[in-house]
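Q: See work_7.cif below, with mmCIF, C-alpha atoms.
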```cif
data_upload
#
loop_
_atom_site.label_atom_id
_atom_site.label_comp_id
_atom_site.auth_asym_id
_atom_site.auth_seq_id
_atom_site.Cartn_x
_atom_site.Cartn_y
_atom_site.Cartn_z
CA MET Q 1 61.90 -5.31 56.40
CA ASP Q 2 58.58 -6.17 54.90
CA ARG Q 3 55.60 -4.02 53.98
CA GLY Q 4 53.27 -2.15 51.17
CA SER Q 5 51.74 1.37 50.16
CA ASP Q 6 53.62 3.86 48.05
CA ARG Q 7 55.01 6.92 49.84
CA GLN Q 8 58.21 8.85 49.15
CA ALA Q 9 60.37 10.99 51.41
CA ASP Q 10 59.02 14.50 51.95
CA GLY Q 11 60.48 17.60 50.38
CA ASP Q 12 63.38 18.00 52.82
CA GLY Q 13 64.45 14.38 52.39
CA ALA Q 14 63.14 13.08 55.72
CA ALA Q 15 61.81 9.54 55.50
CA GLN Q 16 58.09 9.22 56.05
CA PRO Q 17 56.21 6.21 57.46
CA PRO Q 18 53.89 4.44 55.05
CA ASP Q 19 50.13 4.85 54.97
CA GLY Q 20 48.06 1.79 55.84
CA LEU Q 21 50.31 0.57 58.66
CA ALA Q 22 49.01 -2.55 60.42
CA ALA Q 23 48.38 -2.42 64.15
CA GLY Q 24 51.53 -3.27 66.08
CA ASN Q 25 53.95 -2.36 63.29
CA THR Q 26 54.56 1.26 64.32
CA ALA Q 27 57.87 0.48 66.04
CA GLN Q 28 59.08 -1.48 63.01
CA SER Q 29 58.18 1.42 60.72
CA GLU Q 30 59.98 3.95 62.92
CA ALA Q 31 63.12 1.82 63.04
CA TRP Q 32 63.30 1.09 59.32
CA ASN Q 33 62.64 4.73 58.44
CA GLY Q 34 65.29 5.97 60.85
CA ASP Q 35 68.75 4.91 61.92
CA VAL Q 36 68.28 1.21 61.06
CA GLY Q 37 67.21 1.91 57.48
CA GLU Q 38 70.02 4.41 56.92
CA TYR Q 39 72.56 1.91 58.25
CA TRP Q 40 71.48 -0.77 55.77
CA VAL Q 41 71.60 1.71 52.89
CA ARG Q 42 75.21 2.51 53.77
CA ARG Q 43 76.03 -1.18 54.08
CA ARG Q 44 74.17 -2.35 50.95
CA ALA Q 45 77.22 -3.70 49.09
CA HIS Q 46 78.56 -5.31 52.26
CA GLN Q 47 75.20 -6.96 52.91
CA GLU Q 48 74.98 -8.39 49.40
CA ARG Q 49 78.46 -9.87 49.83
CA ARG Q 50 77.39 -11.37 53.17
CA TYR Q 51 74.48 -13.12 51.47
CA ARG Q 52 76.26 -14.19 48.30
CA ARG Q 53 75.99 -17.89 49.21
CA LEU Q 54 72.36 -17.58 50.32
CA THR Q 55 70.74 -15.46 47.63
CA PRO Q 56 71.37 -18.07 44.87
CA ARG Q 57 69.69 -20.71 47.06
CA LEU Q 58 66.59 -18.54 47.36
CA MET Q 59 66.48 -17.75 43.65
CA ALA Q 60 66.86 -21.39 42.64
CA ALA Q 61 64.01 -22.36 44.97
CA ALA Q 62 61.74 -19.59 43.65
CA GLY Q 63 61.72 -20.93 40.09
CA ILE Q 64 61.24 -17.51 38.49
CA ARG Q 65 60.54 -17.64 34.75
CA ALA Q 66 61.16 -14.98 32.11
CA ASP Q 67 57.50 -13.87 32.20
CA SER Q 68 56.90 -14.24 35.95
CA ARG Q 69 55.12 -11.62 38.03
CA VAL Q 70 57.19 -11.51 41.22
CA LEU Q 71 56.51 -9.97 44.64
CA ASP Q 72 59.51 -9.42 46.95
CA ILE Q 73 58.51 -9.00 50.61
CA GLY Q 74 60.93 -6.95 52.70
CA CYS Q 75 63.04 -6.13 49.64
CA GLY Q 76 65.23 -3.61 51.48
CA SER Q 77 67.73 -1.91 49.18
CA GLY Q 78 66.71 -4.14 46.30
CA GLY Q 79 69.29 -6.93 46.14
CA THR Q 80 66.83 -9.81 45.68
CA ALA Q 81 64.34 -7.73 43.67
CA LEU Q 82 67.04 -6.93 41.13
CA GLU Q 83 68.06 -10.59 40.92
CA ALA Q 84 64.40 -11.45 40.35
CA ALA Q 85 64.14 -8.76 37.65
CA ARG Q 86 67.12 -10.23 35.83
CA ALA Q 87 65.39 -13.61 35.82
CA ALA Q 88 61.97 -12.15 34.89
CA ALA Q 89 63.24 -10.18 31.90
CA ALA Q 90 59.80 -10.16 30.26
CA GLY Q 91 57.86 -10.06 33.52
CA THR Q 92 57.45 -7.69 36.44
CA VAL Q 93 58.86 -7.41 39.95
CA LEU Q 94 57.37 -5.43 42.83
CA GLY Q 95 59.59 -4.94 45.88
CA VAL Q 96 57.76 -3.94 49.06
CA ASP Q 97 59.32 -2.64 52.27
CA LEU Q 98 58.59 -0.33 55.20
CA SER Q 99 61.86 1.55 54.77
CA GLY Q 100 61.73 4.69 52.64
CA PRO Q 101 65.53 5.16 52.67
CA MET Q 102 66.16 1.58 51.54
CA LEU Q 103 63.54 1.78 48.79
CA ALA Q 104 65.10 4.99 47.47
CA GLU Q 105 68.39 3.09 47.19
CA ALA Q 106 66.61 0.17 45.50
CA ARG Q 107 65.18 2.51 42.87
CA ARG Q 108 68.63 3.97 42.25
CA GLN Q 109 70.11 0.51 41.84
CA ALA Q 110 67.35 -0.60 39.46
CA ALA Q 111 67.79 2.49 37.29
CA ALA Q 112 71.58 2.05 37.21
CA ALA Q 113 71.18 -1.62 36.24
CA GLY Q 114 68.68 -0.85 33.46
CA LEU Q 115 65.88 -2.97 34.98
CA PRO Q 116 62.64 -1.06 34.35
CA GLN Q 117 60.58 -4.16 35.16
CA ALA Q 118 61.52 -3.68 38.84
CA ALA Q 119 59.21 -1.32 40.76
CA PHE Q 120 59.11 -0.56 44.48
CA ALA Q 121 56.39 0.38 46.95
CA GLN Q 122 56.68 1.54 50.54
CA GLY Q 123 54.20 0.03 52.94
CA ASP Q 124 53.05 -2.81 55.15
CA ALA Q 125 52.61 -6.19 53.48
CA GLN Q 126 50.20 -7.22 56.24
CA VAL Q 127 47.52 -4.92 54.89
CA HIS Q 128 48.60 -3.69 51.45
CA PRO Q 129 45.97 -4.30 48.73
CA PHE Q 130 48.17 -6.19 46.28
CA GLY Q 131 45.21 -7.44 44.25
CA GLU Q 132 43.80 -10.95 44.01
CA ALA Q 133 46.14 -13.46 42.32
CA ALA Q 134 48.35 -10.62 41.03
CA PHE Q 135 51.64 -12.55 41.27
CA ASP Q 136 53.09 -15.87 40.17
CA VAL Q 137 55.95 -15.95 42.68
CA VAL Q 138 56.53 -14.41 46.11
CA ILE Q 139 60.06 -14.28 47.53
CA SER Q 140 61.62 -12.91 50.69
CA ARG Q 141 65.18 -12.90 52.01
CA TYR Q 142 64.93 -12.55 55.79
CA GLY Q 143 61.92 -10.24 55.53
CA MET Q 144 59.13 -12.49 56.85
CA MET Q 145 60.02 -12.52 60.55
CA PHE Q 146 58.97 -9.02 61.58
CA PHE Q 147 55.18 -9.06 61.19
CA ALA Q 148 53.21 -8.10 64.28
CA ASP Q 149 50.47 -10.44 63.03
CA PRO Q 150 52.06 -13.16 60.84
CA GLU Q 151 48.72 -14.92 60.34
CA GLU Q 152 47.20 -11.80 58.80
CA ALA Q 153 50.33 -11.11 56.76
CA LEU Q 154 50.49 -14.59 55.25
CA ARG Q 155 46.79 -14.56 54.42
CA ASN Q 156 47.29 -11.26 52.61
CA ILE Q 157 50.32 -12.62 50.75
CA ALA Q 158 48.40 -15.78 49.82
CA ARG Q 159 45.60 -13.67 48.32
CA ALA Q 160 48.19 -11.86 46.19
CA LEU Q 161 49.52 -15.14 44.79
CA ARG Q 162 47.66 -16.96 42.00
CA PRO Q 163 46.44 -20.49 42.76
CA GLY Q 164 49.40 -22.78 42.20
CA GLY Q 165 51.80 -19.87 42.55
CA ARG Q 166 55.02 -20.34 44.51
CA LEU Q 167 56.27 -18.86 47.77
CA ALA Q 168 59.98 -19.07 48.65
CA PHE Q 169 61.67 -17.37 51.58
CA LEU Q 170 64.69 -17.53 53.87
CA CYS Q 171 64.40 -17.02 57.62
CA TRP Q 172 66.74 -17.63 60.54
CA ARG Q 173 66.87 -20.76 62.65
CA ASP Q 174 67.60 -20.59 66.40
CA LEU Q 175 69.92 -17.85 67.59
CA ALA Q 176 72.18 -20.43 69.24
CA LEU Q 177 72.93 -21.91 65.80
CA ASN Q 178 73.92 -18.57 64.27
CA ALA Q 179 77.56 -17.99 65.11
CA TYR Q 180 77.62 -14.79 63.08
CA LEU Q 181 75.70 -13.26 66.01
CA THR Q 182 76.57 -15.43 69.01
CA VAL Q 183 80.35 -15.25 68.56
CA PRO Q 184 80.60 -11.41 68.42
CA PHE Q 185 78.12 -10.84 71.24
CA GLU Q 186 79.75 -13.46 73.46
CA ALA Q 187 83.04 -11.57 72.99
CA LEU Q 188 81.30 -8.35 74.03
CA ALA Q 189 79.30 -9.90 76.89
CA PRO Q 190 81.76 -9.21 79.74
CA TYR Q 191 81.70 -5.50 78.91
CA VAL Q 192 78.28 -4.54 77.52
CA PRO Q 193 74.66 -5.55 78.22
CA PRO Q 194 73.25 -8.46 76.21
CA PRO Q 195 71.27 -7.55 73.09
CA ASP Q 196 67.50 -7.68 72.96
CA PHE Q 197 66.43 -8.74 69.49
CA GLY Q 198 62.83 -7.81 70.24
CA ALA Q 199 59.55 -9.44 69.33
CA PRO Q 200 58.59 -9.85 66.62
CA GLY Q 201 62.19 -10.18 65.63
CA PRO Q 202 64.68 -12.08 63.50
CA PHE Q 203 64.08 -15.43 65.22
CA SER Q 204 60.28 -15.41 65.30
CA LEU Q 205 60.16 -18.17 62.65
CA ALA Q 206 62.91 -20.35 64.10
CA ASP Q 207 60.41 -23.15 64.90
CA PRO Q 208 59.68 -25.15 61.72
CA GLY Q 209 56.43 -26.40 63.23
CA ARG Q 210 55.24 -22.84 63.59
CA ILE Q 211 56.18 -22.10 59.98
CA ARG Q 212 54.15 -25.07 58.75
CA ALA Q 213 51.14 -24.17 60.89
CA LEU Q 214 51.17 -20.54 59.75
CA LEU Q 215 51.43 -21.45 56.08
CA ASP Q 216 48.74 -24.11 56.33
CA GLY Q 217 46.40 -21.66 58.04
CA ALA Q 218 47.02 -19.05 55.36
CA GLY Q 219 46.11 -21.35 52.48
CA PHE Q 220 49.47 -22.76 51.40
CA GLY Q 221 50.23 -26.41 50.65
CA GLY Q 222 53.21 -28.52 49.70
CA VAL Q 223 55.28 -26.86 52.40
CA SER Q 224 59.02 -27.64 52.51
CA VAL Q 225 61.27 -26.37 55.32
CA GLU Q 226 64.90 -27.12 54.47
CA ALA Q 227 67.87 -26.41 56.74
CA VAL Q 228 70.54 -24.30 55.06
CA ASP Q 229 73.98 -23.90 56.67
CA GLU Q 230 76.44 -21.53 55.02
CA PRO Q 231 79.40 -19.42 56.16
CA MET Q 232 78.54 -15.76 56.62
CA TRP Q 233 81.17 -13.34 55.33
CA MET Q 234 81.75 -10.68 58.00
CA GLY Q 235 84.52 -8.56 56.46
CA THR Q 236 87.77 -8.58 54.54
CA ASP Q 237 89.70 -8.79 57.82
CA GLU Q 238 89.04 -8.38 61.54
CA ASP Q 239 89.19 -4.57 61.38
CA ASP Q 240 86.62 -4.47 58.59
CA ALA Q 241 84.39 -6.91 60.47
CA VAL Q 242 84.66 -4.91 63.72
CA ALA Q 243 83.82 -1.70 61.86
CA SER Q 244 80.75 -3.30 60.30
CA LEU Q 245 79.49 -4.84 63.51
CA THR Q 246 80.01 -1.76 65.65
CA ALA Q 247 78.25 0.45 63.09
CA MET Q 248 75.06 -1.59 63.53
CA PRO Q 249 72.53 0.51 65.49
CA LEU Q 250 71.97 -2.32 67.99
CA THR Q 251 75.68 -2.84 68.70
CA ARG Q 252 76.39 0.89 68.74
CA SER Q 253 73.67 1.50 71.33
CA LEU Q 254 75.05 -1.27 73.56
CA LEU Q 255 78.57 0.13 73.35
CA ASP Q 256 77.28 3.63 74.08
CA GLU Q 257 75.89 2.33 77.38
CA ALA Q 258 79.35 1.13 78.45
CA GLY Q 259 81.96 3.39 79.99
CA GLU Q 260 85.01 4.43 78.00
CA GLU Q 261 87.27 1.81 79.58
CA ALA Q 262 84.73 -0.99 79.13
CA ARG Q 263 84.14 0.06 75.55
CA GLY Q 264 87.86 -0.11 74.77
CA ARG Q 265 88.15 -3.59 76.28
CA ALA Q 266 85.01 -4.72 74.45
CA LEU Q 267 86.37 -3.62 71.08
CA ALA Q 268 89.72 -5.27 71.76
CA ALA Q 269 87.98 -8.54 72.72
CA LEU Q 270 85.80 -8.37 69.63
CA ARG Q 271 88.77 -7.79 67.35
CA GLU Q 272 90.73 -10.67 68.90
CA THR Q 273 87.75 -13.01 68.56
CA LEU Q 274 87.11 -12.14 64.93
CA ALA Q 275 90.81 -12.42 64.05
CA ALA Q 276 90.60 -16.09 65.06
CA HIS Q 277 87.99 -16.59 62.31
CA ARG Q 278 89.97 -14.96 59.53
CA GLY Q 279 90.77 -17.12 56.52
CA PRO Q 280 91.55 -16.77 52.81
CA ASP Q 281 88.05 -15.37 52.21
CA GLY Q 282 88.24 -12.88 55.07
CA VAL Q 283 86.38 -13.27 58.36
CA THR Q 284 83.57 -15.83 58.20
CA LEU Q 285 81.18 -17.22 60.79
CA GLY Q 286 78.46 -19.81 60.50
CA CYS Q 287 74.82 -19.00 59.89
CA ALA Q 288 71.77 -21.26 60.02
CA SER Q 289 68.62 -20.59 58.00
CA TRP Q 290 65.42 -22.23 56.87
CA LEU Q 291 64.68 -22.23 53.15
CA VAL Q 292 60.90 -22.42 52.99
CA THR Q 293 58.87 -23.17 49.87
CA ALA Q 294 55.14 -23.63 49.41
CA GLY Q 295 52.37 -23.22 46.86
CA ARG Q 296 49.04 -21.47 47.12
CA ARG Q 297 46.27 -24.05 47.35
#
```
Is it possible to express this structure as structure tokens?

A:
Amino acid sequence: MDRGSDRQADGDGAAQPPDGLAAGNTAQSEAWNGDVGEYWVRRRAHQERRYRRLTPRLMAAAGIRADSRVLDIGCGSGGTALEAARAAAAGTVLGVDLSGPMLAEARRQAAAAGLPQAAFAQGDAQVHPFGEAAFDVVISRYGMMFFADPEEALRNIARALRPGGRLAFLCWRDLALNAYLTVPFEALAPYVPPPDFGAPGPFSLADPGRIRALLDGAGFGGVSVEAVDEPMWMGTDEDDAVASLTAMPLTRSLLDEAGEEARGRALAALRETLAAHRGPDGVTLGCASWLVTAGRR
């Protein structure tokens, strides 16, 4: 979920990949403009509820002012871009993503919310010509981990940020610390193959030392990498959580590889496991993130 060059769906509604795609990002573009992107459009409201304890942490760290020019990297269906637009009422917000389907949803949400200061562009943030010092603030909610070349991407993002401008993003810590993934997949493990999260993937920035080195090399200073631990809302009850998890393209493909009997046992094990984590707020599991802030030198 991160990117930059404006391209809409074609006339029959099929999502198109962006122009100006960086080398190595073809697979990411295909995924986000296919089944993965469509899944997250369908689950937009669910996703925003999942992140309701995390998004405010990102926004507070970003320090957006009423007149800020904000860039949202990997904006997806627009949740954080719209929050930024509400804060930057007299400013501008540009949300950038590879996913045409998700950007179409973001535009619908912005129009419905009456936020004309929020605009969206489809493309690859590694190579998109944002313009020198065009933004005061850059934000990203779990959109910085998927670059084929993170060094190039961060240099490009740094060029887009004015000197003294602020970068704030959330990324995942180690997989082992993220129960919202380990608990469901451990329940499924006796019956389906283990997941391959790919590379680059969601845990590519799990090492805080790597984050600091990348940001320093790209021209950022004053780097802070803060551990954030919050419960992740998975669903209103175990059935809702199972439905959400099994609709994920990754989980669905793993279950499709299992036989009918194994699939039935896997779903029963998953439901039983998630039921054990049901409380007054529904099903919740732990998640572990880094909240990263820095300024352009």

Q: Report as a list in words the residues that result from applying the PyMOL selection byres ((chain Q and resi 180) around 10) to the structure here.

A: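 Applied to this file, the PyMOL selection byres ((chain Q and resi 180) around 10) selects Leu175, Ala176, Leu177, Asn178, Ala179, Leu181, Thr182, Val183, Pro184, Phe185, Pro231, Met232, Trp233, Met234, Thr284, Leu285, Gly286, Cys287 and Ala288 of chain Q.
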
Q: Take the selection from the previous step and output its residues with C-alpha atoms, as an mmCIF file, keeping the file's coordinate frame.

A:
```cif
data_model
loop_
_atom_site.group_PDB
_atom_site.id
_atom_site.type_symbol
_atom_site.label_atom_id
_atom_site.label_comp_id
_atom_site.auth_asym_id
_atom_site.auth_seq_id
_atom_site.Cartn_x
_atom_site.Cartn_y
_atom_site.Cartn_z
ATOM 1 C CA LEU Q 175 69.920 -17.850 67.590
ATOM 2 C CA ALA Q 176 72.180 -20.430 69.240
ATOM 3 C CA LEU Q 177 72.930 -21.910 65.800
ATOM 4 C CA ASN Q 178 73.920 -18.570 64.270
ATOM 5 C CA ALA Q 179 77.560 -17.990 65.110
ATOM 6 C CA LEU Q 181 75.700 -13.260 66.010
ATOM 7 C CA THR Q 182 76.570 -15.430 69.010
ATOM 8 C CA VAL Q 183 80.350 -15.250 68.560
ATOM 9 C CA PRO Q 184 80.600 -11.410 68.420
ATOM 10 C CA PHE Q 185 78.120 -10.840 71.240
ATOM 11 C CA PRO Q 231 79.400 -19.420 56.160
ATOM 12 C CA MET Q 232 78.540 -15.760 56.620
ATOM 13 C CA TRP Q 233 81.170 -13.340 55.330
ATOM 14 C CA MET Q 234 81.750 -10.680 58.000
ATOM 15 C CA THR Q 284 83.570 -15.830 58.200
ATOM 16 C CA LEU Q 285 81.180 -17.220 60.790
ATOM 17 C CA GLY Q 286 78.460 -19.810 60.500
ATOM 18 C CA CYS Q 287 74.820 -19.000 59.890
ATOM 19 C CA ALA Q 288 71.770 -21.260 60.020
#
```

Q: Evaluate the PyMOL selection byres ((chain Q and resi 68) around 8) here and jot the selected residues down as a list of chain:residue names.

A: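 Evaluating the PyMOL selection byres ((chain Q and resi 68) around 8) on these coordinates yields Q:Ile64, Q:Arg65, Q:Ala66, Q:Asp67, Q:Arg69, Q:Val70, Q:Ala88, Q:Ala90, Q:Gly91, Q:Thr92, Q:Phe135, Q:Asp136, Q:Val137.
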
Q: Would you write out those residues with C-alpha atoms, as a PDB file, in the coordinates of the input?

A:
```pdb
ATOM      1  CA  ILE Q  64      61.240 -17.510  38.490  1.00  0.00           C
ATOM      2  CA  ARG Q  65      60.540 -17.640  34.750  1.00  0.00           C
ATOM      3  CA  ALA Q  66      61.160 -14.980  32.110  1.00  0.00           C
ATOM      4  CA  ASP Q  67      57.500 -13.870  32.200  1.00  0.00           C
ATOM      5  CA  ARG Q  69      55.120 -11.620  38.030  1.00  0.00           C
ATOM      6  CA  VAL Q  70      57.190 -11.510  41.220  1.00  0.00           C
ATOM      7  CA  ALA Q  88      61.970 -12.150  34.890  1.00  0.00           C
ATOM      8  CA  ALA Q  90      59.800 -10.160  30.260  1.00  0.00           C
ATOM      9  CA  GLY Q  91      57.860 -10.060  33.520  1.00  0.00           C
ATOM     10  CA  THR Q  92      57.450  -7.690  36.440  1.00  0.00           C
ATOM     11  CA  PHE Q 135      51.640 -12.550  41.270  1.00  0.00           C
ATOM     12  CA  ASP Q 136      53.090 -15.870  40.170  1.00  0.00           C
ATOM     13  CA  VAL Q 137      55.950 -15.950  42.680  1.00  0.00           C
TER      14      VAL Q 137
END
```

Q: For Cys171 of chain Q, work out the shell of residues within 10 Å, counting only C-alpha atoms and skipping chain neighbours fewer than 5 positions away, then give it as a VMD selection string.

A: chain Q and resid 140 to 145 202 to 206 211 228 288 to 292

Q: Which neighbours of segment 126-134 of chain Q fall inside 6 Å, counting all atoms listed in the file, when residues of the same chain fewer than 2 positions from it are skipped, and could you give them as a PyMOL selection string?

A: chain Q and resi 4+124+153+159-162

Q: Would you mind telling me which residue in Q:Glu272, Q:Asp240, Q:Glu230, Q:Asp196 lies nearest to Leu254 of chain Q when using all atoms listed in the file?

A: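 Of the candidates, the smallest distance to Leu254 of chain Q is held by Q:Asp196.
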
Q: Let me know the residues the PyMOL selection byres ((chain Q and resi 235-237) around 9) catches in the file above, as a list in words.

A: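 Those residues are His46, Arg50, Trp233, Met234, Glu238, Asp239, Asp240, Ala241, Val242, Ala243, Ser244, Leu274, Ala275, Arg278, Gly279, Asp281, Gly282, Val283 and Thr284 of chain Q.
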
Q: Which residue gives the smallest distance to Pro208 of chain Q among Q:Val41, Q:Val192, Q:Ala227, Q:Leu98, with all atoms listed in the file counted?

A: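 When distances to Pro208 of chain Q are compared using all atoms listed in the file, the smallest one comes from Q:Ala227.
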